[in-house]
$ cat input02.txt   # compact mmCIF, C-alpha atoms and all ligand atoms
# COMPACT_ATOMS: atom_id res chain seq x y z
CA MET A 1 29.85 214.92 28.73
CA ARG A 2 30.12 214.37 25.02
CA GLU A 3 26.46 215.13 24.24
CA LEU A 4 26.71 218.57 25.85
CA GLU A 5 30.04 219.34 24.19
CA GLU A 6 28.63 218.43 20.78
CA ARG A 7 25.62 220.64 21.37
CA ILE A 8 27.82 223.55 22.40
CA ARG A 9 29.92 223.10 19.25
CA ARG A 10 26.79 222.98 17.10
CA ASP A 11 24.64 225.71 18.66
CA GLY A 12 26.87 227.78 20.95
CA ILE A 13 27.78 231.29 19.87
CA VAL A 14 30.87 233.03 21.21
CA GLU A 15 30.15 236.66 22.01
CA ASP A 16 32.32 239.57 23.09
CA GLY A 17 33.50 239.63 26.68
CA ASN A 18 34.12 235.87 26.98
CA VAL A 19 30.39 235.14 26.93
CA LEU A 20 29.12 231.93 25.36
CA LYS A 21 25.54 232.22 24.17
CA VAL A 22 23.64 228.96 24.56
CA ASP A 23 20.12 230.28 24.52
CA GLY A 24 19.01 227.81 21.84
CA PHE A 25 19.15 224.87 24.27
CA LEU A 26 20.20 225.87 27.78
CA ASN A 27 18.95 229.17 29.11
CA HIS A 28 16.22 230.59 26.92
CA GLN A 29 14.83 227.76 24.79
CA MET A 30 15.52 224.66 26.91
CA ASP A 31 16.23 221.13 25.68
CA VAL A 32 14.81 219.13 28.57
CA GLU A 33 15.98 215.80 27.13
CA LEU A 34 19.52 217.13 27.29
CA PHE A 35 18.82 218.39 30.84
CA ALA A 36 17.65 214.89 31.79
CA ALA A 37 20.91 213.39 30.49
CA MET A 38 22.84 216.01 32.50
CA GLY A 39 20.77 215.20 35.58
CA ARG A 40 21.51 211.49 35.19
CA GLU A 41 25.23 212.22 34.98
CA TRP A 42 25.22 214.34 38.17
CA ALA A 43 23.09 211.68 39.90
CA ARG A 44 25.75 209.09 38.98
CA LEU A 45 28.65 211.31 40.08
CA PHE A 46 27.06 212.29 43.41
CA SER A 47 25.27 208.97 44.08
CA ARG A 48 27.06 208.37 47.40
CA GLU A 49 26.54 211.83 48.83
CA GLU A 50 23.03 211.50 50.21
CA VAL A 51 21.95 214.76 48.61
CA ASN A 52 18.62 215.83 50.10
CA LYS A 53 18.19 219.19 48.37
CA ILE A 54 19.42 221.08 45.33
CA LEU A 55 20.26 224.76 45.65
CA THR A 56 20.49 227.01 42.61
CA ILE A 57 20.23 230.68 41.74
CA GLU A 58 17.66 232.64 39.78
CA ALA A 59 17.14 232.55 36.88
CA SER A 60 18.99 230.33 34.46
CA GLY A 61 19.95 227.61 36.94
CA ILE A 62 16.35 226.79 37.78
CA GLY A 63 15.36 224.72 34.76
CA ILE A 64 18.49 222.55 34.90
CA ALA A 65 18.17 222.15 38.66
CA CYS A 66 14.53 221.03 38.43
CA ILE A 67 15.22 218.31 35.88
CA ALA A 68 18.30 217.17 37.82
CA ALA A 69 16.21 217.06 41.00
CA GLN A 70 13.92 214.48 39.41
CA GLN A 71 16.91 212.14 39.17
CA PHE A 72 17.76 212.65 42.84
CA GLY A 73 14.15 212.66 44.06
CA VAL A 74 14.76 215.83 46.09
CA PRO A 75 13.32 219.37 46.12
CA VAL A 76 14.96 222.43 44.58
CA VAL A 77 15.45 225.72 46.37
CA PHE A 78 16.51 228.71 44.31
CA ALA A 79 18.15 231.82 45.70
CA LYS A 80 15.88 234.69 44.73
CA LYS A 81 17.04 238.04 43.51
CA SER A 82 15.43 240.44 45.94
CA ARG A 83 14.58 244.10 45.58
CA THR A 84 12.42 244.27 48.67
CA LYS A 85 13.63 244.65 52.22
CA ASN A 86 12.65 241.46 53.99
CA ILE A 87 12.21 241.56 57.71
CA ALA A 88 15.58 240.89 59.32
CA GLY A 89 15.90 237.34 60.57
CA GLU A 90 13.50 235.81 58.07
CA VAL A 91 15.97 235.08 55.29
CA TYR A 92 19.60 234.28 54.58
CA ARG A 93 21.00 236.97 52.35
CA THR A 94 24.15 237.43 50.28
CA GLU A 95 25.49 239.65 47.49
CA VAL A 96 26.37 238.25 44.04
CA PRO A 97 28.12 240.29 41.33
CA SER A 98 26.67 239.38 37.92
CA PHE A 99 29.07 238.13 35.25
CA THR A 100 26.77 238.79 32.31
CA HIS A 101 24.87 241.91 33.35
CA GLY A 102 27.31 243.76 35.60
CA GLY A 103 26.09 245.14 38.92
CA VAL A 104 25.48 243.26 42.14
CA SER A 105 22.31 241.37 43.10
CA THR A 106 21.12 240.72 46.60
CA VAL A 107 19.91 237.13 46.75
CA ILE A 108 17.90 235.57 49.53
CA VAL A 109 16.65 232.20 50.71
CA SER A 110 13.97 231.81 53.33
CA LYS A 111 15.25 230.29 56.56
CA ARG A 112 12.35 227.85 56.31
CA PHE A 113 13.97 226.07 53.37
CA LEU A 114 17.63 225.65 54.38
CA GLY A 115 19.04 224.31 57.62
CA PRO A 116 21.74 222.24 59.35
CA ALA A 117 20.16 218.91 58.32
CA ASP A 118 20.60 219.67 54.62
CA ARG A 119 23.14 218.06 52.31
CA LEU A 120 23.15 220.36 49.32
CA LEU A 121 24.12 219.90 45.71
CA LEU A 122 24.62 223.31 44.10
CA ILE A 123 23.62 223.52 40.43
CA ASP A 124 24.21 226.29 37.91
CA ASP A 125 24.44 226.69 34.16
CA PHE A 126 27.85 228.39 34.00
CA LEU A 127 30.97 228.75 36.10
CA ALA A 128 33.06 231.79 35.15
CA ASN A 129 34.58 233.81 38.01
CA GLY A 130 32.79 231.80 40.66
CA ALA A 131 30.72 234.59 42.21
CA ALA A 132 27.37 232.84 41.82
CA LEU A 133 28.67 229.63 43.43
CA GLU A 134 30.38 231.60 46.20
CA GLY A 135 27.04 233.26 46.94
CA LEU A 136 25.33 229.87 47.20
CA ILE A 137 28.14 228.52 49.40
CA ASP A 138 27.72 231.56 51.66
CA LEU A 139 23.96 230.95 51.99
CA ALA A 140 24.65 227.29 52.86
CA ARG A 141 27.23 228.35 55.46
CA GLN A 142 24.75 230.77 57.08
CA ALA A 143 22.20 227.93 57.27
CA GLY A 144 24.72 225.46 58.68
CA ALA A 145 24.00 223.17 55.71
CA ALA A 146 26.62 220.85 54.18
CA VAL A 147 27.66 221.42 50.56
CA VAL A 148 28.45 218.05 49.00
CA GLY A 149 29.48 219.62 45.71
CA ALA A 150 28.53 221.65 42.68
CA GLY A 151 27.13 220.43 39.37
CA ILE A 152 27.89 222.87 36.58
CA ALA A 153 26.79 222.58 32.97
CA VAL A 154 29.52 224.71 31.36
CA GLU A 155 32.76 225.67 33.10
CA LYS A 156 34.87 228.26 31.32
CA ALA A 157 38.12 226.82 32.61
CA PHE A 158 40.14 229.79 31.35
CA GLN A 159 38.41 231.94 33.98
CA PRO A 160 39.32 231.65 37.67
CA GLY A 161 36.06 230.40 39.22
CA GLY A 162 36.73 226.66 39.03
CA GLU A 163 40.08 226.99 40.74
CA ARG A 164 38.70 229.33 43.39
CA ILE A 165 35.81 227.06 44.32
CA ARG A 166 37.90 223.86 44.28
CA ALA A 167 40.48 225.62 46.48
CA LYS A 168 37.74 225.96 49.10
CA GLY A 169 37.51 222.16 49.13
CA VAL A 170 34.22 222.03 47.22
CA ARG A 171 33.91 219.22 44.66
CA VAL A 172 32.98 220.72 41.28
CA GLU A 173 31.67 218.46 38.51
CA SER A 174 31.39 220.38 35.25
CA LEU A 175 29.86 218.50 32.33
CA ALA A 176 31.64 220.60 29.71
CA ARG A 177 34.91 222.40 30.42
CA ILE A 178 35.99 225.00 27.89
CA ARG A 179 39.72 225.62 27.65
CA SER A 180 39.52 228.46 25.17
CA MET A 181 37.07 230.41 23.00
CA GLU A 182 39.62 232.58 21.26
CA GLY A 183 38.61 233.83 17.84
CA GLY A 184 35.20 232.21 18.32
CA ARG A 185 36.75 228.71 18.23
CA ILE A 186 35.58 226.60 21.15
CA GLU A 187 38.15 224.15 22.56
CA PHE A 188 37.31 221.78 25.40
CA CYS A 189 39.73 220.60 28.10
P1 LIG B 1 30.31 233.60 37.77
O1 LIG B 1 29.49 234.06 38.94
O2 LIG B 1 30.93 232.23 37.97
O3 LIG B 1 31.30 234.62 37.31
O4 LIG B 1 29.29 233.45 36.55
C1 LIG B 1 28.27 232.52 36.62
C2 LIG B 1 26.95 233.12 36.24
O5 LIG B 1 27.07 234.07 35.20
C3 LIG B 1 26.03 232.03 35.77
O6 LIG B 1 24.95 231.95 36.67
C4 LIG B 1 25.56 232.48 34.40
O7 LIG B 1 24.20 232.84 34.45
C5 LIG B 1 26.37 233.68 34.04
N1 LIG B 1 27.40 233.40 33.02
C6 LIG B 1 28.74 233.42 33.19
N2 LIG B 1 29.39 233.22 32.04
C7 LIG B 1 28.44 233.04 31.10
C8 LIG B 1 28.49 232.78 29.69
O8 LIG B 1 29.55 232.67 29.05
N3 LIG B 1 27.30 232.65 29.05
C9 LIG B 1 26.10 232.76 29.70
N4 LIG B 1 24.99 232.60 28.97
N5 LIG B 1 26.02 233.01 31.03
C10 LIG B 1 27.17 233.15 31.72

$ encode --input "input02.txt" --output "structure tokens"
Amino acid sequence: MRELEERIRRDGIVEDGNVLKVDGFLNHQMDVELFAAMGREWARLFSREEVNKILTIEASGIGIACIAAQQFGVPVVFAKKSRTKNIAGEVYRTEVPSFTHGGVSTVIVSKRFLGPADRLLLIDDFLANGAALEGLIDLARQAGAAVVGAGIAVEKAFQPGGERIRAKGVRVESLARIRSMEGGRIEFC
């Protein structure tokens, strides 16, 4: 999506460790007009899929997912990072290694909010190694829900996540795909 690529070129900052900082418009200060354009694009791409719920992960996916959900007219469920021990049986639970912070988070979704009748669109801000999406796919699998695809804002295509998730047969629609960020120069696919 040209608008997103232009914004990344203008305001994105390449940091050490293959991290792209986009906190001026995506995941700290948020440009909701841009989010709405992204939501419209995913709604167009997934228009035939009868999406009835969007699933994302705390924290930076939530804003994008909410604005996208307005285009689909469906609710958003976000996988919560959990430090407490929930009573067994109440929640679906999975482990997600963090790309940006290191360490592993336990994330949960209440069994009340995901089930076999759901047709889920997964939404997240970035796709790097694919761990966050794999966690969401695992939660959907536990719930018996169908995953119709994943809407990603920024895919770092030089990292293995996109290939890994597509190899599972999941449709991934990334609105900006970065081929390289070497030397701080951002090149799109
Ligand atoms: P993955 O699990 O695919 O390795 O990484 C995806 C998650 O890590 C996203 O939810 C995102 O929050 C974070 N992430 C990965 N790469 C970047 C990046 O270059 N910049 C930022 N801001 N977040 C990233």

$ closest_atom_pairs --input "input02.txt" --of "chain A" --to "ligand LIG 1 (chain B)" --cutoff "10 Å" --atoms "all atoms listed in the file" --output "JSON lines"
{"residue": "A:Gly12", "atom": "CA", "partner": "B:LIG1", "partner_atom": "N3", "distance": 9.5}
{"residue": "A:Ile13", "atom": "CA", "partner": "B:LIG1", "partner_atom": "N3", "distance": 9.3}
{"residue": "A:Val14", "atom": "CA", "partner": "B:LIG1", "partner_atom": "O8", "distance": 8.0}
{"residue": "A:Glu15", "atom": "CA", "partner": "B:LIG1", "partner_atom": "O8", "distance": 8.1}
{"residue": "A:Asp16", "atom": "CA", "partner": "B:LIG1", "partner_atom": "O8", "distance": 9.5}
{"residue": "A:Gly17", "atom": "CA", "partner": "B:LIG1", "partner_atom": "O8", "distance": 8.3}
{"residue": "A:Asn18", "atom": "CA", "partner": "B:LIG1", "partner_atom": "O8", "distance": 6.0}
{"residue": "A:Val19", "atom": "CA", "partner": "B:LIG1", "partner_atom": "O8", "distance": 3.4}
{"residue": "A:Leu20", "atom": "CA", "partner": "B:LIG1", "partner_atom": "O8", "distance": 3.8}
{"residue": "A:Lys21", "atom": "CA", "partner": "B:LIG1", "partner_atom": "N4", "distance": 4.8}
{"residue": "A:Val22", "atom": "CA", "partner": "B:LIG1", "partner_atom": "N4", "distance": 5.9}
{"residue": "A:Asp23", "atom": "CA", "partner": "B:LIG1", "partner_atom": "N4", "distance": 7.0}
{"residue": "A:Leu26", "atom": "CA", "partner": "B:LIG1", "partner_atom": "N4", "distance": 8.3}
{"residue": "A:Asn27", "atom": "CA", "partner": "B:LIG1", "partner_atom": "N4", "distance": 6.9}
{"residue": "A:His28", "atom": "CA", "partner": "B:LIG1", "partner_atom": "N4", "distance": 9.2}
{"residue": "A:Thr56", "atom": "CA", "partner": "B:LIG1", "partner_atom": "O6", "distance": 8.9}
{"residue": "A:Ile57", "atom": "CA", "partner": "B:LIG1", "partner_atom": "O6", "distance": 7.0}
{"residue": "A:Glu58", "atom": "CA", "partner": "B:LIG1", "partner_atom": "O6", "distance": 8.0}
{"residue": "A:Ala59", "atom": "CA", "partner": "B:LIG1", "partner_atom": "O7", "distance": 7.5}
{"residue": "A:Ser60", "atom": "CA", "partner": "B:LIG1", "partner_atom": "O7", "distance": 5.8}
{"residue": "A:Gly61", "atom": "CA", "partner": "B:LIG1", "partner_atom": "O6", "distance": 6.6}
{"residue": "A:Val96", "atom": "CA", "partner": "B:LIG1", "partner_atom": "O1", "distance": 7.3}
{"residue": "A:Pro97", "atom": "CA", "partner": "B:LIG1", "partner_atom": "O1", "distance": 6.8}
{"residue": "A:Ser98", "atom": "CA", "partner": "B:LIG1", "partner_atom": "O5", "distance": 6.0}
{"residue": "A:Phe99", "atom": "CA", "partner": "B:LIG1", "partner_atom": "O5", "distance": 4.5}
{"residue": "A:Thr100", "atom": "CA", "partner": "B:LIG1", "partner_atom": "C5", "distance": 5.4}
{"residue": "A:His101", "atom": "CA", "partner": "B:LIG1", "partner_atom": "O5", "distance": 8.4}
{"residue": "A:Gly102", "atom": "CA", "partner": "B:LIG1", "partner_atom": "O5", "distance": 9.7}
{"residue": "A:Ile123", "atom": "CA", "partner": "B:LIG1", "partner_atom": "O6", "distance": 9.3}
{"residue": "A:Asp124", "atom": "CA", "partner": "B:LIG1", "partner_atom": "O6", "distance": 5.8}
{"residue": "A:Asp125", "atom": "CA", "partner": "B:LIG1", "partner_atom": "C3", "distance": 5.8}
{"residue": "A:Phe126", "atom": "CA", "partner": "B:LIG1", "partner_atom": "C3", "distance": 4.4}
{"residue": "A:Leu127", "atom": "CA", "partner": "B:LIG1", "partner_atom": "O2", "distance": 4.0}
{"residue": "A:Ala128", "atom": "CA", "partner": "B:LIG1", "partner_atom": "O2", "distance": 3.6}
{"residue": "A:Asn129", "atom": "CA", "partner": "B:LIG1", "partner_atom": "O3", "distance": 3.5}
{"residue": "A:Gly130", "atom": "CA", "partner": "B:LIG1", "partner_atom": "O2", "distance": 3.3}
{"residue": "A:Ala131", "atom": "CA", "partner": "B:LIG1", "partner_atom": "O1", "distance": 3.5}
{"residue": "A:Ala132", "atom": "CA", "partner": "B:LIG1", "partner_atom": "O1", "distance": 3.8}
{"residue": "A:Leu133", "atom": "CA", "partner": "B:LIG1", "partner_atom": "O1", "distance": 6.4}
{"residue": "A:Glu134", "atom": "CA", "partner": "B:LIG1", "partner_atom": "O1", "distance": 7.7}
{"residue": "A:Gly135", "atom": "CA", "partner": "B:LIG1", "partner_atom": "O1", "distance": 8.4}
{"residue": "A:Ile152", "atom": "CA", "partner": "B:LIG1", "partner_atom": "C3", "distance": 9.4}
{"residue": "A:Ala153", "atom": "CA", "partner": "B:LIG1", "partner_atom": "C3", "distance": 9.9}
{"residue": "A:Val154", "atom": "CA", "partner": "B:LIG1", "partner_atom": "O8", "distance": 8.3}
{"residue": "A:Glu155", "atom": "CA", "partner": "B:LIG1", "partner_atom": "N2", "distance": 8.3}
{"residue": "A:Lys156", "atom": "CA", "partner": "B:LIG1", "partner_atom": "O8", "distance": 7.3}
{"residue": "A:Gln159", "atom": "CA", "partner": "B:LIG1", "partner_atom": "O3", "distance": 8.3}
{"residue": "A:Pro160", "atom": "CA", "partner": "B:LIG1", "partner_atom": "O2", "distance": 8.4}
{"residue": "A:Gly161", "atom": "CA", "partner": "B:LIG1", "partner_atom": "O2", "distance": 5.6}
{"residue": "A:Gly162", "atom": "CA", "partner": "B:LIG1", "partner_atom": "O2", "distance": 8.1}
{"residue": "A:Arg164", "atom": "CA", "partner": "B:LIG1", "partner_atom": "O2", "distance": 9.9}
{"residue": "A:Ile165", "atom": "CA", "partner": "B:LIG1", "partner_atom": "O2", "distance": 9.5}
{"residue": "A:Met181", "atom": "CA", "partner": "B:LIG1", "partner_atom": "O8", "distance": 9.9}

$ residues_around --input "input02.txt" --residues "stretch 36-47 of chain A" --least-positions-apart "5" --cutoff "8 Å" --atoms "only C-alpha atoms" --output "CSV table (one decimal) with C-alpha atoms, keeping the file's coordinate frame"
chain,number,residue,atom,x,y,z
A,64,ILE,CA,18.5,222.6,34.9
A,67,ILE,CA,15.2,218.3,35.9
A,68,ALA,CA,18.3,217.2,37.8
A,69,ALA,CA,16.2,217.1,41.0
A,70,GLN,CA,13.9,214.5,39.4
A,71,GLN,CA,16.9,212.1,39.2
A,72,PHE,CA,17.8,212.6,42.8
A,151,GLY,CA,27.1,220.4,39.4
A,153,ALA,CA,26.8,222.6,33.0
A,173,GLU,CA,31.7,218.5,38.5
A,175,LEU,CA,29.9,218.5,32.3

$ atom_distance --input "input02.txt" --atom1 "atom CA of A:Ala145" --atom2 "atom CA of A:Asp118"
5.0 Å

$ closest_residue --input "input02.txt" --among "A:Val77, A:Arg141, A:Leu122, A:Cys66" --to "A:Arg171" --atoms "all atoms listed in the file"
A:Leu122

$ atom_distance --input "input02.txt" --atom1 "atom CA of A:Met1" --atom2 "atom CA of A:Leu34"
10.7 Å

$ residues_around --input "input02.txt" --residues "A:Val172" --least-positions-apart "4" --cutoff "7 Å" --atoms "all atoms listed in the file" --output "number ranges by chain"
A: 149-151, 166

$ atom_distance --input "input02.txt" --atom1 "atom CA of A:Gly63" --atom2 "atom CA of A:Lys81"
16.0 Å

$ closest_residue --input "input02.txt" --among "A:Ile137, A:Val109, A:Val148, A:Ala65" --to "A:Arg48" --atoms "only C-alpha atoms"
A:Val148

$ residues_around --input "input02.txt" --residues "A:Gly144" --least-positions-apart "6" --cutoff "10 Å" --atoms "all atoms listed in the file" --output "list in words"
Leu114, Gly115, Pro116, Ala117, Asp118, Arg119 and Asp138 of chain A

$ closest_residue --input "input02.txt" --among "A:Glu5, A:Gly89, A:Ser82, A:Val147" --to "A:Thr106" --atoms "all atoms listed in the file"
A:Ser82

$ decode --input "input02.txt" --residues "stretch 110-122 of chain A" --atoms "all heavy atoms" --output "short mmCIF file (atom, residue, chain, number, x, y, z; two decimals), in the first residue's frame"
data_model
loop_
_atom_site.label_atom_id
_atom_site.label_comp_id
_atom_site.auth_asym_id
_atom_site.auth_seq_id
_atom_site.Cartn_x
_atom_site.Cartn_y
_atom_site.Cartn_z
N SER A 110 -9.86 -15.84 26.70
CA SER A 110 -10.95 -16.52 27.38
C SER A 110 -11.71 -17.42 26.41
O SER A 110 -11.98 -17.03 25.27
CB SER A 110 -11.94 -15.50 27.96
OG SER A 110 -13.12 -16.16 28.36
N LYS A 111 -12.06 -18.60 26.89
CA LYS A 111 -12.82 -19.53 26.04
C LYS A 111 -14.20 -18.98 25.68
O LYS A 111 -14.83 -19.45 24.75
CB LYS A 111 -12.96 -20.89 26.75
CG LYS A 111 -11.65 -21.65 26.79
CD LYS A 111 -11.81 -23.05 27.35
CE LYS A 111 -10.47 -23.77 27.29
NZ LYS A 111 -10.50 -25.09 27.94
N ARG A 112 -14.63 -17.94 26.39
CA ARG A 112 -15.93 -17.34 26.07
C ARG A 112 -15.90 -16.60 24.74
O ARG A 112 -16.94 -16.33 24.15
CB ARG A 112 -16.34 -16.35 27.17
CG ARG A 112 -16.81 -17.03 28.44
CD ARG A 112 -17.30 -16.00 29.43
NE ARG A 112 -16.22 -15.13 29.84
CZ ARG A 112 -16.36 -13.83 30.12
NH1 ARG A 112 -17.54 -13.25 30.01
NH2 ARG A 112 -15.32 -13.11 30.51
N PHE A 113 -14.69 -16.19 24.30
CA PHE A 113 -14.63 -15.29 23.15
C PHE A 113 -14.08 -15.90 21.86
O PHE A 113 -13.98 -15.20 20.85
CB PHE A 113 -13.80 -14.04 23.52
CG PHE A 113 -14.36 -13.33 24.72
CD1 PHE A 113 -13.53 -12.96 25.77
CD2 PHE A 113 -15.71 -13.06 24.82
CE1 PHE A 113 -14.04 -12.32 26.88
CE2 PHE A 113 -16.24 -12.41 25.93
CZ PHE A 113 -15.40 -12.05 26.96
N LEU A 114 -13.72 -17.17 21.88
CA LEU A 114 -13.29 -17.86 20.65
C LEU A 114 -13.91 -19.23 20.63
O LEU A 114 -13.90 -19.92 21.66
CB LEU A 114 -11.76 -18.04 20.62
CG LEU A 114 -10.84 -16.91 20.23
CD1 LEU A 114 -9.42 -17.46 20.06
CD2 LEU A 114 -11.29 -16.21 18.97
N GLY A 115 -14.38 -19.65 19.45
CA GLY A 115 -14.97 -20.98 19.37
C GLY A 115 -15.06 -21.46 17.94
O GLY A 115 -14.67 -20.75 17.00
N PRO A 116 -15.59 -22.67 17.73
CA PRO A 116 -15.61 -23.31 16.41
C PRO A 116 -16.43 -22.56 15.36
O PRO A 116 -16.23 -22.77 14.16
CB PRO A 116 -16.25 -24.68 16.68
CG PRO A 116 -16.22 -24.87 18.15
CD PRO A 116 -16.13 -23.53 18.80
N ALA A 117 -17.32 -21.67 15.77
CA ALA A 117 -18.12 -20.94 14.79
C ALA A 117 -17.36 -19.74 14.22
O ALA A 117 -17.84 -19.09 13.27
CB ALA A 117 -19.42 -20.45 15.43
N ASP A 118 -16.19 -19.44 14.76
CA ASP A 118 -15.50 -18.21 14.37
C ASP A 118 -14.67 -18.37 13.10
O ASP A 118 -14.01 -19.39 12.87
CB ASP A 118 -14.60 -17.72 15.51
CG ASP A 118 -15.42 -17.12 16.65
OD1 ASP A 118 -16.45 -16.49 16.34
OD2 ASP A 118 -15.06 -17.32 17.82
N ARG A 119 -14.73 -17.29 12.28
CA ARG A 119 -13.88 -17.17 11.10
C ARG A 119 -13.00 -15.94 11.33
O ARG A 119 -13.46 -14.80 11.23
CB ARG A 119 -14.73 -17.00 9.82
CG ARG A 119 -15.49 -18.29 9.51
CD ARG A 119 -16.32 -18.16 8.24
NE ARG A 119 -15.53 -17.85 7.05
CZ ARG A 119 -14.77 -18.71 6.38
NH1 ARG A 119 -14.67 -19.97 6.79
NH2 ARG A 119 -14.10 -18.33 5.32
N LEU A 120 -11.75 -16.21 11.67
CA LEU A 120 -10.89 -15.17 12.23
C LEU A 120 -9.97 -14.55 11.18
O LEU A 120 -9.35 -15.26 10.38
CB LEU A 120 -9.99 -15.76 13.33
CG LEU A 120 -10.69 -16.46 14.50
CD1 LEU A 120 -9.63 -17.09 15.41
CD2 LEU A 120 -11.54 -15.47 15.27
N LEU A 121 -9.87 -13.22 11.25
CA LEU A 121 -8.78 -12.52 10.58
C LEU A 121 -7.80 -12.12 11.67
O LEU A 121 -8.17 -11.48 12.65
CB LEU A 121 -9.30 -11.28 9.86
CG LEU A 121 -8.22 -10.41 9.22
CD1 LEU A 121 -7.48 -11.16 8.11
CD2 LEU A 121 -8.82 -9.11 8.66
N LEU A 122 -6.55 -12.53 11.52
CA LEU A 122 -5.50 -12.17 12.47
C LEU A 122 -4.90 -10.84 12.01
O LEU A 122 -4.65 -10.65 10.82
CB LEU A 122 -4.41 -13.24 12.52
CG LEU A 122 -4.89 -14.70 12.62
CD1 LEU A 122 -3.69 -15.65 12.64
CD2 LEU A 122 -5.75 -14.89 13.87
#
